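Below is one structure, written out as structure tokens; the observations come after it.
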Amino acid sequence: MVTGTAVKTHFWKMHGAGNDFVLFDDRNGSFPLADNLWRQRISRPHLGIGCDGIILLQHSDRADFRMRFFNPDGNEAEMCGNGLRCAARLAHDLNIAPAAMCVETMVGLRDAHVCNAAVTIGMGTVNDVRFDQTLHLCDMDIPYHFANTGVPHTVVQLDDVDTNIDPIKTLAPAIRLHADFAPQGTNVNFVRYDTNGTVQLRTYERGVESETLACGTGATAAAIVAARTHHSHAPVRVLTAGGYVLTVDFTAEQDTFTSVTLTGPAETVFEGDITYENCLV
């Protein structure tokens with residue numbers, strides 16, 4: 001039901017390599033999970049705080065804490081690599097968890113380690129991969145690779161990835177909703193493989209429905225594809241659209257990638273209070 005009670009809630013605005021999030025300490029379970037529209041409002045630039053996702057730090061009986069992640073469309077997602085790194089940073093800063101911690105997520109328990117400015121998280125084993133695929137889209141045949149790194153990612157090579165914005169605006173939305181990826185859809189990554197081994201990355205994120213400055217699960221997918229198709233050696237450096245470098249390490253055996261880790265910066269931008277006016281209880 002709806003009450004007239006206004007509840008003030010503290011939040012932290014953080015970013016992981018330019019991927020920005022609004023985080024709440026919800027260990028007491030007071031966050032209004034039933035209100036999808038409020039999550040959308042928080043996420044919207046200009047009208048809300050603005051972010052690529054909302055993260056709740058909740059109580060866990062299995063780990064130091066539980067992370068729940070919601071896209072700007074209000075829907076819950078299984079995993080967010082940069083989000084998990086920010087959650088680990090905040091949990092350590094609030095003395096919720098030690099520097100080396102365990103986090104419960106929808107895709108299982110994940111280790112995280114805070115070390116100075118960097119945060120490293122375990123991404124588990126990645127074996128849901130498909131290489132050298134072709135997507136039929138209108139009158140085009142688009143070569144792509146696929147890796148599920150907690151959420152589904154399509155990887156498309158694009159030589160002018162750093163200057164060409166047309167694919168992000170036109171091609172990415174069509175790939176994201178293509179029938180081959182139904183019903184959940186896919187995140188879309190455009191990559192360029194540099195001769196020094198660095199992977200340049202731009203990501204169109206499902207649930208954000210736009211390009212973001214970084215994507216941790218996308219960087220992981222791009223690094224895995226680089227190892228398989230361009231013989232890149234771990235650790236792989238991934239240069240994000242925001243100019244930050246994410247480092248992906250792993251052990252590869254054929255099409256199975258184990259001990260996958262993601263390392264990069266995670267920092268607090270500001271914190272404040274937001275008032276929830278019409279509480280759904």
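Chain labels follow the order of the structure tokens: the first chain is A, the next B, and so on; residue numbering restarts at 1 in every chain, and ligands are counted from 1 in their shown order.
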
Identify, with DSSP run on backbone atoms, the residues in stretch 153-228 of chain A assigned to helix (DSSP H, G or I), and express the list as a list in words.
-> Asp166, Pro167, Ile168, Lys169, Thr170, Leu171, Ala172, Pro173, Ala174, Ile175, Arg176, Ala179, Asp180, Phe181, Gly216, Thr217, Gly218, Ala219, Thr220, Ala221, Ala222, Ala223, Ile224, Val225, Ala226, Ala227 and Arg228 of chain A

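Interatomic distance, atom CA of A:Ile55 to atom CA of A:Cys80: 9.5 Å.
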
Write out as a PyMOL selection string the residues lying within 12 Å of A:Tyr193, counting only C-alpha atoms and excluding same-chain residues fewer than 3 positions away.
-> chain A and resi 155-162+190+196-201+222-223+225-227+229-232+236-239

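Among A:Leu47, A:Leu90, A:Met79, A:Ala221, the residue with the shortest atom-to-atom distance to A:Val269, counting only C-alpha atoms, is A:Leu90.
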
Residues within 12 Å of A:Glu78, only C-alpha atoms, excluding chain neighbours under 4 positions, as number ranges by chain = A: 55, 67-71, 83-84, 104-108, 148-152, 184, 206-207, 217

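As for atom CA of A:Tyr276 and atom CA of A:Leu56, they are spaced 15.6 Å apart.
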
Can you list, as a PyMOL selection string, every protein, DNA or RNA residue that comes within 9 Å of A:Gly243 when you count only C-alpha atoms, leaving out same-chain residues fewer than 3 positions away?
-> chain A and resi 17-18+213-214+239-240

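With only C-alpha atoms as the atoms that count, the residue of A:Ile224, A:Phe21, A:Pro98, A:Phe131 with the shortest distance to A:Val260 is A:Ile224.
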